[in-house]
$ cat coords_28.cif   # mmCIF, C-alpha atoms
data_final
loop_
_atom_site.label_atom_id
_atom_site.label_comp_id
_atom_site.auth_asym_id
_atom_site.auth_seq_id
_atom_site.Cartn_x
_atom_site.Cartn_y
_atom_site.Cartn_z
CA MET A 1448 71.80 99.49 143.94
CA ASP A 1449 70.87 96.11 142.59
CA ASN A 1450 71.48 93.37 145.17
CA ARG A 1451 71.31 90.52 142.75
CA ASP A 1452 74.25 88.21 142.20
CA LYS A 1453 75.69 88.78 145.68
CA GLY A 1454 78.16 85.96 145.20
CA LEU A 1455 79.46 87.48 141.99
CA ARG A 1456 79.81 90.92 143.59
CA LYS A 1457 81.75 89.48 146.51
CA ALA A 1458 84.02 87.58 144.16
CA LEU A 1459 84.71 90.70 142.15
CA ALA A 1460 85.42 92.78 145.23
CA HIS A 1461 87.79 90.12 146.55
CA ARG A 1462 89.51 89.98 143.21
CA GLU A 1463 89.92 93.78 143.05
CA GLN A 1464 91.60 93.73 146.47
CA GLN A 1465 94.18 91.29 145.18
CA LEU A 1466 95.14 93.39 142.18
CA PRO A 1467 98.34 95.49 142.45
CA GLU A 1468 97.95 99.04 143.69
CA MET A 1469 98.95 102.11 141.82
CA PRO A 1470 102.53 103.19 142.70
CA ALA A 1471 102.80 106.51 144.52
CA ASP A 1472 105.34 107.97 142.10
CA LEU A 1473 103.52 106.94 138.96
CA ASN A 1474 101.97 110.37 138.45
CA ASP A 1475 105.31 112.10 138.98
CA ARG A 1476 106.91 109.91 136.35
CA LEU A 1477 104.06 110.66 134.01
CA MET A 1478 104.44 114.44 134.49
CA GLN A 1479 108.16 114.17 133.81
CA ARG A 1480 107.44 112.29 130.62
CA VAL A 1481 104.88 114.88 129.53
CA ALA A 1482 107.26 117.75 130.29
CA VAL A 1483 110.07 116.20 128.25
CA ALA A 1484 107.98 115.09 125.28
CA PRO A 1485 107.82 117.68 122.47
CA ARG A 1486 104.45 119.16 121.73
CA ARG A 1487 102.85 117.54 118.79
CA ASN A 1488 102.80 119.78 115.76
CA ARG A 1489 99.15 119.88 114.89
CA ARG A 1490 99.79 120.91 111.35
CA MET A 1491 99.59 117.89 109.13
CA VAL A 1492 101.47 118.17 105.92
CA TRP A 1493 100.58 114.91 104.25
CA PRO A 1494 97.02 115.88 103.25
CA TRP A 1495 98.35 118.86 101.34
CA VAL A 1496 101.01 116.77 99.62
CA ALA A 1497 98.42 114.17 98.67
CA ALA A 1498 96.08 116.86 97.33
CA ALA A 1499 98.91 118.39 95.27
CA CYS A 1500 99.77 115.00 93.75
CA ILE A 1501 96.14 114.34 92.85
CA ALA A 1502 95.80 117.80 91.30
CA ALA A 1503 98.93 117.22 89.22
CA VAL A 1504 97.64 113.88 87.95
CA ILE A 1505 94.27 115.39 87.07
CA SER A 1506 95.88 118.29 85.22
CA ILE A 1507 98.05 115.93 83.17
CA VAL A 1508 95.10 113.71 82.28
CA LEU A 1509 92.73 116.54 81.37
CA MET A 1510 95.23 118.88 79.69
CA PRO A 1511 97.75 116.87 77.66
CA PRO A 1512 100.73 118.72 76.12
CA ARG A 1513 100.08 120.29 72.71
CA ASP A 1514 102.03 119.67 69.51
CA SER A 1515 105.06 121.92 69.01
CA GLY A 1516 104.46 122.79 65.35
CA THR A 1517 102.63 121.97 62.10
CA ASP A 1518 103.78 120.96 58.71
CA VAL A 1519 102.48 124.21 57.28
CA THR A 1520 104.50 126.22 59.75
CA GLN A 1521 107.61 124.26 58.94
CA THR A 1522 106.92 124.73 55.27
CA ARG A 1523 106.55 128.46 55.74
CA GLU A 1524 109.88 128.53 57.54
CA TYR A 1525 111.44 126.58 54.72
CA VAL A 1526 110.00 129.07 52.24
CA ALA A 1527 111.29 132.02 54.21
CA SER A 1528 114.75 130.56 54.42
CA ASN A 1529 114.90 129.69 50.74
CA VAL A 1530 113.67 132.92 49.20
CA ASP A 1531 116.76 134.70 47.99
CA VAL A 1532 116.87 138.46 48.42
CA LYS A 1533 118.88 138.87 45.21
CA VAL A 1534 116.16 138.80 42.67
CA ASP A 1535 118.26 138.05 39.62
CA LYS A 1536 119.20 134.61 40.91
CA VAL A 1537 115.71 133.43 41.64
CA THR A 1538 114.02 131.74 38.79
CA THR A 1539 110.37 131.94 38.19
CA ALA A 1540 109.83 128.18 38.15
CA ASP A 1541 111.72 127.62 41.38
CA THR A 1542 109.88 130.38 43.12
CA MET A 1543 106.60 129.02 41.87
CA LYS A 1544 107.35 125.70 43.47
CA VAL A 1545 108.44 127.29 46.73
CA VAL A 1546 105.67 129.88 46.93
CA ALA A 1547 103.00 127.52 45.72
CA LYS A 1548 103.50 125.32 48.75
CA ASP A 1549 101.80 127.93 50.82
CA VAL A 1550 99.02 128.76 48.42
CA PRO A 1551 95.76 127.72 49.99
CA ALA A 1552 94.02 127.79 46.63
CA VAL A 1553 95.64 124.46 45.87
CA ALA A 1554 93.13 122.85 48.17
CA GLU A 1555 90.27 123.99 45.95
CA HIS A 1556 91.08 121.66 43.10
CA LYS A 1557 92.44 118.83 45.18
CA ALA A 1558 89.13 116.97 45.07
CA VAL A 1559 88.90 117.30 41.29
CA CYS A 1560 92.43 116.27 40.42
CA ARG A 1561 92.84 113.37 42.80
CA THR A 1562 94.13 111.25 39.99
CA GLN A 1563 97.04 113.62 39.35
CA GLN A 1564 99.76 114.39 41.84
CA VAL A 1565 100.35 118.13 42.17
CA ALA A 1566 103.77 119.07 43.42
CA VAL A 1567 102.57 122.14 45.29
CA VAL A 1568 100.12 120.35 47.64
CA SER A 1569 100.79 121.59 51.15
CA LYS A 1570 99.73 118.47 53.11
CA PRO A 1571 101.20 115.06 52.46
CA GLN A 1572 98.74 112.86 50.61
CA PRO A 1573 97.86 109.38 51.86
CA ALA A 1574 99.45 106.62 49.93
CA ALA A 1575 96.13 105.27 48.67
CA ASP A 1576 95.25 108.58 46.98
CA THR A 1577 98.63 109.30 45.48
CA VAL A 1578 99.03 108.85 41.73
CA ALA A 1579 102.48 109.40 40.23
CA VAL A 1580 101.73 112.37 37.88
CA ALA A 1581 103.09 115.95 38.16
CA LEU A 1582 101.60 118.71 36.00
CA ALA A 1583 103.84 121.51 34.92
CA THR A 1584 102.86 121.67 31.25
CA PRO A 1585 100.68 119.26 29.29
CA ALA A 1586 103.81 118.04 27.49
CA LYS A 1587 105.34 116.92 30.78
CA GLN A 1588 102.26 115.02 31.87
CA ALA A 1589 102.98 111.38 32.55
CA PRO A 1590 100.56 109.10 30.73
CA LEU A 1591 97.82 107.36 32.71
CA GLU A 1592 97.94 103.65 32.74
CA TYR A 1593 95.21 101.94 30.87
CA VAL A 1594 94.16 98.35 31.01
CA THR A 1595 92.59 97.13 27.79
CA GLU A 1596 89.84 94.59 27.68
CA ASP A 1597 88.29 93.62 24.38
CA GLY A 1598 90.05 96.56 22.74
CA LYS A 1599 88.44 99.15 25.02
CA LYS A 1600 90.56 101.48 27.03
CA ILE A 1601 89.55 101.72 30.63
CA LEU A 1602 91.20 103.44 33.53
CA LEU A 1603 92.68 101.65 36.48
CA ALA A 1604 90.15 101.79 39.30
CA THR A 1605 92.70 102.94 41.83
CA ASN A 1606 90.15 105.46 42.93
CA PRO A 1607 86.52 104.30 43.15
CA GLU A 1608 85.35 107.78 42.09
CA ARG A 1609 86.66 107.06 38.60
CA LEU A 1610 84.00 104.45 38.13
CA LYS A 1611 81.38 107.19 38.28
CA TYR A 1612 82.61 108.84 35.11
CA THR A 1613 82.90 107.71 31.51
CA PRO A 1614 86.28 108.11 29.79
CA GLU A 1615 84.95 111.15 27.91
CA GLU A 1616 83.87 112.79 31.13
CA ILE A 1617 87.23 112.08 32.68
CA ASP A 1618 88.98 113.69 29.69
CA LYS A 1619 86.82 116.75 30.12
CA LEU A 1620 87.62 116.86 33.80
CA LYS A 1621 91.31 116.64 33.06
CA GLU A 1622 91.08 119.50 30.58
CA ARG A 1623 89.26 121.55 33.14
CA VAL A 1624 91.90 120.82 35.74
CA ARG A 1625 94.60 121.79 33.31
CA GLN A 1626 92.95 125.12 32.59
CA LYS A 1627 92.48 125.82 36.27
CA TYR A 1628 96.07 125.04 36.98
CA LEU A 1629 97.21 127.42 34.27
CA GLU A 1630 95.10 130.12 35.83
CA LEU A 1631 96.70 129.33 39.16
CA LEU A 1632 100.16 129.68 37.65
CA GLN A 1633 99.27 133.01 36.13
CA LEU A 1634 97.99 134.22 39.49
CA GLU A 1635 101.12 133.10 41.24
CA THR A 1636 103.25 134.79 38.58
CA GLU A 1637 101.49 138.07 39.26
CA ILE A 1638 102.09 137.61 42.98
CA PHE A 1639 105.73 136.91 42.31
CA GLU A 1640 106.15 139.98 40.13
CA ALA A 1641 104.59 142.13 42.81
CA THR A 1642 106.84 140.60 45.44
CA GLN A 1643 109.81 141.04 43.12
CA GLY A 1644 109.14 144.71 42.89
CA GLN A 1645 109.11 145.08 46.66
CA LEU A 1646 112.31 143.07 47.07
CA SER A 1647 114.16 145.14 44.47
CA ALA A 1648 113.11 148.32 46.25
CA MET A 1649 114.44 146.90 49.51
CA ASN A 1650 117.71 146.00 47.80
CA GLU A 1651 118.15 149.54 46.54
CA GLU A 1652 117.63 150.91 50.02
CA ILE A 1653 120.18 148.51 51.48
CA ASN A 1654 122.72 149.30 48.76
CA ASN A 1655 122.21 153.05 49.15
CA LYS A 1656 122.92 152.81 52.89
CA MET B 439 78.87 120.00 133.54
CA ASP B 440 79.90 121.72 136.75
CA LYS B 441 82.12 124.75 136.90
CA GLU B 442 85.12 122.91 138.35
CA THR B 443 85.13 120.43 135.48
CA GLU B 444 84.82 123.27 132.97
CA GLU B 445 87.80 125.06 134.48
CA LEU B 446 89.73 121.80 134.55
CA ILE B 447 89.05 121.17 130.87
CA ALA B 448 89.96 124.76 130.02
CA GLY B 449 93.28 124.32 131.83
CA LEU B 450 93.93 121.03 130.03
CA MET B 451 93.29 122.73 126.69
CA THR B 452 96.17 125.10 127.44
CA GLN B 453 98.36 122.15 128.52
CA SER B 454 98.57 123.61 132.02
CA PRO B 455 100.69 121.33 134.30
CA GLN B 456 98.48 122.27 137.26
CA ALA B 457 95.35 121.14 135.42
CA GLN B 458 97.07 117.93 134.38
CA GLN B 459 98.07 117.13 137.95
CA GLN B 460 94.56 117.89 139.12
CA LEU B 461 93.19 115.44 136.56
CA LEU B 462 95.59 112.74 137.72
CA ARG B 463 94.55 113.24 141.33
CA LEU B 464 90.87 112.97 140.43
CA TYR B 465 90.91 110.00 138.05
CA GLY B 466 94.33 108.33 138.31
CA ARG B 467 93.36 105.48 140.65
CA MET B 468 90.17 104.76 138.74
CA VAL B 469 92.11 104.47 135.48
CA PHE B 470 94.85 102.32 136.98
CA ALA B 471 92.27 99.93 138.42
CA GLN B 472 90.52 99.72 135.05
CA ILE B 473 93.79 98.87 133.35
CA VAL B 474 95.23 96.41 135.86
CA ARG B 475 92.07 94.28 136.05
CA MET B 476 92.55 93.56 132.33
CA VAL B 477 96.33 93.51 132.02
CA THR B 478 97.17 92.11 135.54
CA ARG B 479 100.95 92.70 135.32
CA GLN B 480 101.93 95.88 137.14
CA GLU B 481 104.75 96.93 134.80
CA ASP B 482 102.47 96.67 131.81
CA ALA B 483 99.68 98.50 133.63
CA GLU B 484 102.03 101.39 134.51
CA GLU B 485 103.12 101.77 130.92
CA ILE B 486 99.57 101.71 129.64
CA TYR B 487 98.54 104.18 132.36
CA GLN B 488 101.06 106.71 131.11
CA ASP B 489 100.04 106.14 127.50
CA VAL B 490 96.41 106.70 128.42
CA PHE B 491 96.98 110.07 130.07
CA VAL B 492 99.37 111.25 127.36
CA LYS B 493 96.54 110.54 124.97
CA VAL B 494 94.04 112.28 127.24
CA PHE B 495 96.22 115.42 127.46
CA GLY B 496 96.78 115.45 123.70
CA ASN B 497 93.16 114.84 122.67
CA ILE B 498 91.27 116.82 125.30
CA ALA B 499 89.95 119.03 122.50
CA SER B 500 88.01 116.06 121.11
CA TYR B 501 86.11 115.50 124.36
CA ASP B 502 82.38 116.06 123.91
CA GLU B 503 80.54 116.71 127.15
CA GLY B 504 77.24 115.83 125.48
CA GLU B 505 78.27 112.24 124.85
CA ALA B 506 79.62 111.21 128.26
CA SER B 507 81.16 112.50 131.46
CA LEU B 508 84.89 113.23 131.63
CA SER B 509 85.57 110.12 133.75
CA THR B 510 83.67 107.91 131.31
CA TRP B 511 85.59 109.40 128.38
CA ILE B 512 88.91 108.70 130.10
CA ASN B 513 87.73 105.18 130.98
CA ARG B 514 87.02 104.58 127.32
CA ILE B 515 90.58 105.48 126.34
CA ALA B 516 91.93 103.26 129.11
CA TYR B 517 89.74 100.34 128.02
CA TYR B 518 90.88 100.50 124.43
CA GLU B 519 94.54 101.00 125.28
CA SER B 520 94.34 97.85 127.40
CA ILE B 521 92.57 95.91 124.65
CA SER B 522 95.19 97.03 122.12
CA PHE B 523 97.98 95.94 124.42
CA LEU B 524 96.42 92.50 124.91
CA ARG B 525 96.02 92.03 121.17
CA LYS B 526 99.66 92.93 120.55
CA ARG B 527 100.76 90.59 123.32
CA LYS B 528 98.75 87.76 121.70
CA ASP B 529 97.63 86.46 125.05
CA ARG B 530 98.27 82.77 125.20
CA LEU B 531 96.06 82.17 128.18
CA MET B 532 93.12 79.92 127.44
CA TYR B 533 89.71 81.38 127.88
CA VAL B 534 86.31 79.75 127.56
CA ASP B 535 84.97 80.35 124.10
CA ASP B 536 81.32 81.07 123.41
CA ARG B 537 81.15 78.09 121.10
CA VAL B 538 81.66 75.54 123.87
CA VAL B 539 78.85 76.92 126.02
CA ASN B 540 75.27 75.80 125.46
CA PHE B 541 73.64 79.11 126.30
CA ASP B 542 70.16 77.98 125.34
CA GLY B 543 70.40 74.95 127.63
CA ILE B 544 71.18 77.07 130.70
CA LEU B 545 68.21 78.43 132.60
CA GLU B 546 68.30 81.96 134.05
CA GLN B 547 67.03 80.62 137.36
CA GLN B 548 69.98 78.24 137.60
CA VAL B 549 72.39 81.12 136.96
CA ASP B 550 70.65 83.37 139.48
CA ASP B 551 70.75 80.69 142.17
CA THR B 552 74.48 80.12 141.66
CA LEU B 553 75.70 83.70 141.37
CA ASP B 554 73.43 84.93 144.14
CA ASN B 555 74.87 82.41 146.58
CA GLY B 556 77.12 84.39 148.92
CA ASP B 557 78.74 81.51 150.83
CA GLU B 558 82.50 81.41 150.89
CA LYS B 559 82.84 78.24 148.84
CA THR B 560 80.70 79.60 146.01
CA VAL B 561 82.49 82.98 146.07
CA LEU B 562 85.84 81.20 145.69
CA LEU B 563 84.45 79.16 142.82
CA ILE B 564 83.19 82.31 141.11
CA GLU B 565 86.58 83.95 141.63
CA ARG B 566 88.31 80.97 140.00
CA ALA B 567 85.77 80.96 137.16
CA LEU B 568 86.45 84.66 136.42
CA LYS B 569 90.00 83.78 135.34
CA PHE B 570 88.59 81.68 132.49
CA ILE B 571 86.59 84.60 131.10
CA PRO B 572 88.23 86.86 128.46
CA PRO B 573 89.61 90.13 129.89
CA SER B 574 87.14 92.26 127.93
CA GLU B 575 84.20 90.40 129.46
CA GLN B 576 85.78 90.53 132.90
CA ALA B 577 86.04 94.30 132.52
CA ILE B 578 82.38 94.61 131.53
CA VAL B 579 81.21 92.48 134.44
CA THR B 580 83.43 94.43 136.87
CA MET B 581 82.25 97.82 135.57
CA PHE B 582 78.63 96.74 136.03
CA TYR B 583 78.80 94.89 139.35
CA PHE B 584 81.76 96.52 141.13
CA ASP B 585 81.92 100.07 139.71
CA ASP B 586 78.10 100.25 139.47
CA MET B 587 78.29 101.85 136.04
CA SER B 588 75.15 102.15 133.96
CA ILE B 589 74.73 100.01 130.86
CA LYS B 590 74.70 103.21 128.82
CA ASP B 591 78.12 104.26 130.13
CA ILE B 592 79.50 100.74 129.59
CA ALA B 593 78.16 100.86 126.03
CA TYR B 594 79.99 104.17 125.46
CA ILE B 595 83.24 102.83 126.90
CA THR B 596 83.14 99.67 124.82
CA GLU B 597 81.81 101.51 121.74
CA SER B 598 78.79 99.27 121.67
CA THR B 599 75.05 99.57 122.17
CA SER B 600 73.12 99.20 125.39
CA ALA B 601 71.32 96.14 124.01
CA ALA B 602 74.61 94.51 123.04
CA VAL B 603 76.06 95.18 126.48
CA ALA B 604 73.00 93.72 128.20
CA GLN B 605 73.22 90.62 126.05
CA ARG B 606 76.95 90.37 126.71
CA LEU B 607 76.33 90.53 130.46
CA SER B 608 73.67 87.80 130.25
CA ARG B 609 75.93 85.49 128.26
CA THR B 610 78.88 86.13 130.57
CA ARG B 611 76.75 85.12 133.59
CA LYS B 612 75.81 81.88 131.83
CA LYS B 613 79.42 81.29 130.91
CA LEU B 614 80.43 81.73 134.55
CA TYR B 615 77.77 79.22 135.52
CA HIS B 616 79.12 76.77 132.93
CA VAL B 617 82.69 77.18 134.18
CA ILE B 618 81.63 76.84 137.83
CA ASN B 619 79.88 73.56 136.99
CA SER B 620 82.99 72.34 135.17
CA LEU B 621 85.20 73.27 138.15
CA GLN B 622 82.86 71.53 140.54
CA ASN B 623 82.94 68.39 138.41
CA ASP B 624 86.74 68.52 138.25
CA ASP B 625 87.00 68.92 142.01
CA ARG B 626 84.93 65.79 142.69
#
$ encode --input "coords_28.cif" --output "structure tokens"
Amino acid sequence: MDNRDKGLRKALAHREQQLPEMPADLNDRLMQRVAVAPRRNRRMVWPWVAAACIAAVISIVLMPPRDSGTDVTQTREYVASNVDVKVDKVTTADTMKVVAKDVPAVAEHKAVCRTQQVAVVSKPQPAADTVAVALATPAKQAPLEYVTEDGKKILLATNPERLKYTPEEIDKLKERVRQKYLELLQLETEIFEATQGQLSAMNEEINNK
Amino acid sequence: MDKETEELIAGLMTQSPQAQQQLLRLYGRMVFAQIVRMVTRQEDAEEIYQDVFVKVFGNIASYDEGEASLSTWINRIAYYESISFLRKRKDRLMYVDDRVVNFDGILEQQVDDTLDNGDEKTVLLIERALKFIPPSEQAIVTMFYFDDMSIKDIAYITESTSAAVAQRLSRTRKKLYHVINSLQNDDR
């Protein structure tokens, strides 16, 4: 034992003697308190709750809700609801318009006939690309607007692609589009006639029952 | 760790009342003395005493025999419960701050000569000077000089390092010397 600082040791010993003593019943009181106190439930719930909240936030951030439906789906539903089972009341032109909405082949000539609005296009066209022309027959075609300068007819450059072609080339393109569209109509007519046959057979079965 | 202590800890793990009473018999007085030298008021010391052993009984599973002995581990809980109590109480007693003491200007020899002087007058002066030292430093000095604890154990109790405890002891001795000089000047 270190004998240094004798004065300090004496002072500390004297001080300790003056401090209050431990009561005799203190331990009994403590045991009573321990006996009465409920045992601590060691299971902690809050970490699990916190983990569940974090997992929910992560799942929402990483997996956002998907869209409920597409325009094509809605269009198909519209087509299904508008096709009349009684064949004699359905006109060819009306059916063409309705059926043609779902024809994917329309997309093939979309790039070529950007200058002309086709009524059977399935997706809505942006406003910048829309030109107010609907082709049913050449006679019903609305005239393109020309702006004349020095007596020459030029097309409105609403679409920059027009500037690539001369007026003669554009006329040829238009003729080609018209021919393609007629072929499309013929194809759709054949589809309609085939469908018509099936529908009439179904009608006969229903009527016979 | 001896067999008796192992059996005692095993009983405490199962919350055995007999083991708990045995623990209180072995270490109760030591803990109460540790608390009351810092807190001084008996009612407060009794309350903290109960809190300490409730914590000991509830956390006995966290005791690591490799770090310290069971008594040292209990002392640590008692020390920190007392410190927490004093912080909540916002002790308004004035203690000598480190900033007012010129530690570099005080020679070790001067401190040794003063604190080693065992005459009654000097011992009384030292006892008065101890009241101007913060409770945490009083506890460290008492553990070292009165309880004869090692610096390593004191470092564990105060959650410090041995070097920090040694430095703290040296500065506290110089602070005592400074206060004793001030008291002597006031008495003249």
$ interface_residues --input "coords_28.cif" --of "chain B" --to "chain A" --cutoff "6 Å" --atoms "only C-alpha atoms" --output "list of chain:residue names"
B:Gln488, B:Leu553, B:Asp554, B:Asn555, B:Gly556, B:Val561, B:Glu565, B:Tyr583
$ atom_distance --input "coords_28.cif" --atom1 "atom CA of Asp557 of chain B" --atom2 "atom CA of His616 of chain B"
18.5 Å
$ resolve_selection --input "coords_28.cif" --expression "the PyMOL selection byres ((chain B and resi 458) around 12)" --output "VMD selection string"
(chain A and resid 1474 to 1475 1477 to 1479 1481 to 1482) or (chain B and resid 445 to 457 459 to 466 491 to 496 498)
$ atom_distance --input "coords_28.cif" --atom1 "atom CA of Glu505 of chain B" --atom2 "atom CA of Val579 of chain B"
22.2 Å
$ atom_distance --input "coords_28.cif" --atom1 "atom CA of Met532 of chain B" --atom2 "atom CA of Gln472 of chain B"
21.4 Å
$ resolve_selection --input "coords_28.cif" --expression "the PyMOL selection byres ((chain B and resi 577) around 12)" --output "PyMOL selection string"
(chain A and resi 1459+1463) or (chain B and resi 471-478+513-514+516-518+520-521+568-569+571-576+578-585+587+592+595-596+603+606-607+610)
$ axis_aligned_box --input "coords_28.cif" --around "segment 598-608 of chain B" --padding-each-side "5 Å" --output "AutoDock Vina command-line options"
--center_x 75.1 --center_y 93.7 --center_z 126.1 --size_x 17.5 --size_y 21.8 --size_z 18.8
$ residues_around --input "coords_28.cif" --residues "Leu621 of chain B" --least-positions-apart "6" --cutoff "10 Å" --atoms "all atoms listed in the file" --output "PDB file with C-alpha atoms, keeping the file's coordinate frame"
ATOM      1  CA  LEU B 563      84.450  79.160 142.820  1.00  0.00           C
ATOM      2  CA  ILE B 564      83.190  82.310 141.110  1.00  0.00           C
ATOM      3  CA  ARG B 566      88.310  80.970 140.000  1.00  0.00           C
ATOM      4  CA  ALA B 567      85.770  80.960 137.160  1.00  0.00           C
ATOM      5  CA  TYR B 615      77.770  79.220 135.520  1.00  0.00           C
TER       6      TYR B 615
END
$ closest_residue --input "coords_28.cif" --among "B:Ile589, B:Leu614, B:Glu481, B:Lys441" --to "Tyr533 of chain B" --atoms "all atoms listed in the file"
B:Leu614
$ closest_residue --input "coords_28.cif" --among "B:Glu503, B:Glu519, B:Asp535, B:Glu442" --to "Phe470 of chain B" --atoms "only C-alpha atoms"
B:Glu519
